[in-house]
Each structure stands twice: as structure tokens, then as C-alpha cells.
file query.cif (mmCIF, C-alpha atoms)
data_target
#
loop_
_atom_site.label_atom_id
_atom_site.label_comp_id
_atom_site.auth_asym_id
_atom_site.auth_seq_id
_atom_site.Cartn_x
_atom_site.Cartn_y
_atom_site.Cartn_z
CA MET J 1 9.61 82.93 -16.18
CA ARG J 2 8.55 81.46 -12.88
CA ILE J 3 7.25 77.90 -13.23
CA ALA J 4 5.12 76.24 -10.53
CA MET J 5 5.79 72.54 -10.24
CA GLY J 6 4.08 69.77 -8.34
CA SER J 7 3.79 66.01 -8.33
CA ASP J 8 2.53 63.08 -6.41
CA HIS J 9 4.84 60.20 -5.47
CA ALA J 10 4.55 58.55 -8.91
CA GLY J 11 5.61 61.74 -10.69
CA PHE J 12 8.30 62.80 -8.22
CA GLU J 13 11.33 61.60 -10.20
CA LEU J 14 10.07 63.16 -13.44
CA LYS J 15 9.30 66.44 -11.63
CA ALA J 16 12.84 66.54 -10.21
CA LEU J 17 14.33 65.90 -13.66
CA LEU J 18 12.16 68.56 -15.29
CA ALA J 19 12.89 71.09 -12.54
CA GLY J 20 16.60 70.75 -13.24
CA ALA J 21 16.07 71.23 -16.97
CA ILE J 22 13.78 74.23 -16.44
CA GLU J 23 16.32 75.89 -14.15
CA SER J 24 19.10 75.22 -16.66
CA TRP J 25 17.06 77.15 -19.26
CA GLY J 26 17.11 80.17 -16.97
CA HIS J 27 13.65 79.91 -15.43
CA GLU J 28 12.80 79.99 -11.74
CA VAL J 29 11.05 76.94 -10.26
CA LEU J 30 8.45 77.19 -7.51
CA ASP J 31 8.42 73.61 -6.16
CA LEU J 32 5.11 72.88 -4.45
CA GLY J 33 5.96 69.27 -3.57
CA THR J 34 5.89 66.42 -3.00
CA ASP J 35 9.42 66.20 -1.70
CA ALA J 36 10.05 62.45 -1.96
CA PRO J 37 8.89 59.38 -3.88
CA SER J 38 7.42 57.91 -0.70
CA PRO J 39 5.14 57.77 1.16
CA PRO J 40 2.29 57.83 -1.35
CA VAL J 41 0.47 61.17 -1.56
CA ASP J 42 -2.67 62.34 -3.35
CA TYR J 43 -2.28 63.93 -6.79
CA PRO J 44 -5.34 66.23 -6.42
CA ASP J 45 -3.52 68.20 -3.71
CA TYR J 46 -0.56 68.92 -5.98
CA GLY J 47 -2.52 69.54 -9.17
CA ALA J 48 -4.66 72.09 -7.33
CA ALA J 49 -1.57 73.70 -5.77
CA VAL J 50 0.05 74.20 -9.17
CA GLY J 51 -3.17 75.53 -10.65
CA ARG J 52 -3.68 77.98 -7.80
CA ALA J 53 -0.11 79.26 -8.06
CA VAL J 54 -0.67 80.06 -11.74
CA VAL J 55 -4.06 81.75 -11.43
CA GLU J 56 -2.97 83.69 -8.34
CA GLY J 57 0.04 85.04 -10.26
CA ARG J 58 2.70 83.39 -8.10
CA ALA J 59 3.87 81.61 -11.26
CA ASP J 60 3.62 82.29 -14.97
CA LEU J 61 2.99 78.67 -15.97
CA GLY J 62 2.77 75.27 -14.32
CA VAL J 63 4.14 71.76 -14.79
CA ALA J 64 2.58 68.86 -12.89
CA CYS J 65 3.43 65.16 -12.85
CA CYS J 66 1.71 62.02 -11.61
CA GLY J 67 1.84 58.43 -12.82
CA SER J 68 -0.10 59.07 -16.02
CA GLY J 69 -0.50 62.85 -16.05
CA ILE J 70 -4.25 62.37 -16.27
CA GLY J 71 -5.33 62.59 -12.64
CA ILE J 72 -3.22 65.62 -11.83
CA ALA J 73 -4.56 67.36 -14.97
CA ILE J 74 -8.14 66.68 -13.91
CA ALA J 75 -7.38 68.13 -10.48
CA ALA J 76 -5.60 71.20 -11.87
CA ASN J 77 -8.51 71.86 -14.22
CA LYS J 78 -10.89 72.13 -11.25
CA VAL J 79 -9.18 75.44 -10.36
CA ALA J 80 -11.04 78.24 -12.14
CA GLY J 81 -8.85 79.80 -14.81
CA VAL J 82 -6.59 76.79 -15.29
CA ARG J 83 -6.26 75.18 -18.69
CA ALA J 84 -4.21 72.06 -17.97
CA ALA J 85 -3.27 69.68 -20.76
CA VAL J 86 -1.70 66.25 -20.67
CA VAL J 87 1.27 66.28 -23.03
CA THR J 88 3.12 63.27 -24.35
CA ASP J 89 5.61 64.67 -26.85
CA VAL J 90 7.07 67.83 -28.33
CA THR J 91 4.09 68.42 -30.64
CA SER J 92 1.47 68.15 -27.90
CA GLY J 93 3.62 70.35 -25.66
CA HIS J 94 3.81 73.06 -28.30
CA LEU J 95 0.18 72.87 -29.38
CA ALA J 96 -1.12 72.87 -25.81
CA ARG J 97 0.27 76.37 -25.38
CA GLU J 98 -0.12 77.70 -28.91
CA HIS J 99 -3.62 76.47 -29.80
CA ASN J 100 -5.21 75.76 -26.41
CA HIS J 101 -3.54 78.53 -24.40
CA ALA J 102 -2.73 75.95 -21.72
CA ASN J 103 -1.18 77.44 -18.62
CA VAL J 104 -0.35 74.09 -17.00
CA VAL J 105 1.07 70.97 -18.62
CA CYS J 106 0.84 67.55 -17.05
CA LEU J 107 3.03 64.54 -17.71
CA GLY J 108 3.06 60.92 -16.64
CA GLY J 109 6.15 59.68 -14.85
CA ARG J 110 5.17 56.09 -15.63
CA LEU J 111 4.38 56.77 -19.30
CA THR J 112 6.71 59.44 -20.67
CA GLY J 113 10.45 58.91 -20.97
CA PRO J 114 12.86 61.51 -19.63
CA SER J 115 14.14 62.92 -22.93
CA VAL J 116 10.66 63.11 -24.45
CA ALA J 117 9.32 64.82 -21.32
CA ILE J 118 12.11 67.40 -21.38
CA GLU J 119 11.48 68.14 -25.06
CA ALA J 120 7.72 68.44 -24.47
CA VAL J 121 8.13 70.90 -21.60
CA GLU J 122 10.74 72.88 -23.51
CA ALA J 123 8.31 73.18 -26.44
CA PHE J 124 5.51 74.25 -24.09
CA LEU J 125 7.61 76.96 -22.47
CA ALA J 126 8.90 78.24 -25.82
CA ALA J 127 5.46 78.47 -27.43
CA SER J 128 3.18 81.49 -27.30
CA PRO J 129 -0.61 81.48 -27.37
CA GLU J 130 -1.83 82.29 -30.88
CA PRO J 131 -4.48 85.03 -30.89
CA ARG J 132 -6.37 83.33 -33.72
CA HIS J 133 -7.53 80.70 -31.22
CA GLN J 134 -8.92 83.24 -28.71
CA ALA J 135 -12.56 82.70 -29.69
CA ARG J 136 -12.25 79.04 -28.67
CA ILE J 137 -10.54 79.96 -25.42
CA ASP J 138 -13.38 82.39 -24.72
CA LYS J 139 -15.85 79.51 -25.17
CA ILE J 140 -13.91 77.48 -22.59
CA ALA J 141 -14.03 80.44 -20.20
CA ALA J 142 -17.79 80.67 -20.74
CA LEU J 143 -18.13 77.00 -19.79
CA ASP J 144 -16.18 77.71 -16.58
CA ALA J 145 -18.43 80.66 -15.81
CA ALA J 146 -21.57 78.62 -16.40
CA ARG J 147 -20.30 75.85 -14.13
CA ALA J 148 -19.54 78.37 -11.40
CA LYS J 149 -23.13 79.66 -11.56
CA GLU J 150 -24.52 76.13 -11.28
CA GLN J 151 -22.60 75.33 -8.10
CA PRO J 152 -24.24 76.16 -4.77
#

call {"tool": "encode", "arguments": {"input": "query.cif", "output": "C-alpha cells"}}
result
Amino acid sequence: MRIAMGSDHAGFELKALLAGAIESWGHEVLDLGTDAPSPPVDYPDYGAAVGRAVVEGRADLGVACCGSGIGIAIAANKVAGVRAAVVTDVTSGHLAREHNHANVVCLGGRLTGPSVAIEAVEAFLAASPEPRHQARIDKIAALDAARAKEQP
């Protein structure tokens, strides 16, 4: 699989750690930045970049990191077709993909320890979307479509 990755300055170290793990599992990493822990950069730019890479087909899935995982998830979710989930452990990583058909996971470099983050991402990448949840995913897509119609 090809995995798009992005982070702001607060998530840089976690992104670098996760990129190494992902590559060691045999996946290709598309690193969309940032490239250093300083100067400070804006998480919306990187969350959107990861989301766009996934929906445009340049990557199969995405992993994004900021200080908490929250802001970068909000930004990624503004890209139509992205289902980004903040994950904090192996269970949330697995369920994000299996139940919610997430295509981007977001983690907090200031909140999630390295080993837990690696396990969560590994669980996300190993999981498959369960078809029995498709009706719920369709409802999320309908919300996206309705929002798109409301915007000028």
C-alpha cells in the first residue's frame, strides 16, 4: 500500500517514527511534510494535503499527526471524501477502519506514546472495512453531499 503522511511541527517526530515503521512493514510512504520540528507550521495545510492525496488516488490511506491529532483530523475531514479519525490505541485504530471505513487516521504527538501509536497505525492498516457498516457510511456521504450543495 501507499500511505500519505503529513504533520505539523508538533507531530513531526511521531510522523517520522511512524513512517519508519510503515516502511518496515513493506508499505510505501508518500511524505507530504513538514520536514522539520521547527519552525512552527499550520496543521490545516498538512491535514488537507494528506486528505487530497487519498481522495485523488495518489495514496491508498493516510496518516496525519499534530499535537493532539484533533486539529489535523478536522482539517483532513474538510476534504470531500475523507473520513479521518483520531485514534489513541490499537482498538480505535482497528475500529476506525473496520466500522467507520476511515481512510485517514490522525494521532497526537503530544498525547500518544510511540509504541501505542505504532500499534494503532498497524491495526488501522491491517483492518478492512466491514460491508455491514456500509449503510452508515452512505449516510455520512449523504451529509457531505448536502453540505456541498449548501456552499456557494

call {"tool": "residues_around", "arguments": {"input": "query.cif", "residues": "region 56-71 of chain J", "least_positions_apart": "6", "cutoff": "8 Å", "atoms": "all atoms listed in the file", "output": "short mmCIF file (atom, residue, chain, number, x, y, z; two decimals) with C-alpha atoms, in the frame of the given file"}}
result
data_model
loop_
_atom_site.label_atom_id
_atom_site.label_comp_id
_atom_site.auth_asym_id
_atom_site.auth_seq_id
_atom_site.Cartn_x
_atom_site.Cartn_y
_atom_site.Cartn_z
CA MET J 1 9.61 82.93 -16.18
CA ARG J 2 8.55 81.46 -12.88
CA ILE J 3 7.25 77.90 -13.23
CA ALA J 4 5.12 76.24 -10.53
CA MET J 5 5.79 72.54 -10.24
CA GLY J 6 4.08 69.77 -8.34
CA SER J 7 3.79 66.01 -8.33
CA ASP J 8 2.53 63.08 -6.41
CA HIS J 9 4.84 60.20 -5.47
CA ALA J 10 4.55 58.55 -8.91
CA GLY J 11 5.61 61.74 -10.69
CA PHE J 12 8.30 62.80 -8.22
CA LEU J 14 10.07 63.16 -13.44
CA LYS J 15 9.30 66.44 -11.63
CA LEU J 30 8.45 77.19 -7.51
CA TYR J 43 -2.28 63.93 -6.79
CA PRO J 44 -5.34 66.23 -6.42
CA TYR J 46 -0.56 68.92 -5.98
CA GLY J 47 -2.52 69.54 -9.17
CA VAL J 50 0.05 74.20 -9.17
CA VAL J 86 -1.70 66.25 -20.67
CA VAL J 87 1.27 66.28 -23.03
CA ASN J 103 -1.18 77.44 -18.62
CA VAL J 104 -0.35 74.09 -17.00
CA VAL J 105 1.07 70.97 -18.62
CA CYS J 106 0.84 67.55 -17.05
CA LEU J 107 3.03 64.54 -17.71
CA GLY J 108 3.06 60.92 -16.64
CA GLY J 109 6.15 59.68 -14.85
CA ARG J 110 5.17 56.09 -15.63
CA LEU J 111 4.38 56.77 -19.30
CA VAL J 121 8.13 70.90 -21.60
#

call {"tool": "residues_around", "arguments": {"input": "query.cif", "residues": "Ile140 (chain J)", "least_positions_apart": "6", "cutoff": "12 Å", "atoms": "only C-alpha atoms", "output": "tab-separated table (two decimals) with C-alpha atoms, in the frame of the given file"}}
result
chain	number	residue	atom	x	y	z
J	77	ASN	CA	-8.51	71.86	-14.22
J	80	ALA	CA	-11.04	78.24	-12.14
J	81	GLY	CA	-8.85	79.80	-14.81
J	82	VAL	CA	-6.59	76.79	-15.29
J	83	ARG	CA	-6.26	75.18	-18.69
J	100	ASN	CA	-5.21	75.76	-26.41
J	101	HIS	CA	-3.54	78.53	-24.40
J	102	ALA	CA	-2.73	75.95	-21.72
J	133	HIS	CA	-7.53	80.70	-31.22
J	134	GLN	CA	-8.92	83.24	-28.71
J	146	ALA	CA	-21.57	78.62	-16.40
J	147	ARG	CA	-20.30	75.85	-14.13

call {"tool": "atom_distance", "arguments": {"input": "query.cif", "atom1": "CA of Val116 (chain J)", "atom2": "CA of Thr88 (chain J)"}}
result
7.5 Å

call {"tool": "resolve_selection", "arguments": {"input": "query.cif", "expression": "the PyMOL selection byres ((chain J and resi 120) around 9)", "output": "ChimeraX atom specification"}}
result
/J:87-94,115-119,121-125

call {"tool": "axis_aligned_box", "arguments": {"input": "query.cif", "around": "region 112-128 of chain J", "padding_each_side": "4 Å", "output": "AutoDock Vina command-line options"}}
result
--center_x 8.7 --center_y 70.2 --center_z -23.5 --size_x 19.0 --size_y 30.6 --size_z 15.8

call {"tool": "atom_distance", "arguments": {"input": "query.cif", "atom1": "CA of Asp31 (chain J)", "atom2": "CA of Leu18 (chain J)"}}
result
11.1 Å

call {"tool": "atom_distance", "arguments": {"input": "query.cif", "atom1": "CA of Ala49 (chain J)", "atom2": "CA of Gly33 (chain J)"}}
result
9.0 Å

call {"tool": "closest_residue", "arguments": {"input": "query.cif", "among": "J:Leu95, J:Ala127, J:Ala48, J:Ala85", "to": "Leu32 (chain J)", "atoms": "only C-alpha atoms"}}
result
J:Ala48

call {"tool": "closest_residue", "arguments": {"input": "query.cif", "among": "J:Ala126, J:Ala135, J:Val55, J:Ala96", "to": "Ala76 (chain J)", "atoms": "only C-alpha atoms"}}
result
J:Val55

call {"tool": "closest_residue", "arguments": {"input": "query.cif", "among": "J:Ala148, J:Asp45, J:Ala53, J:Ala21", "to": "Ala73 (chain J)", "atoms": "only C-alpha atoms"}}
result
J:Asp45
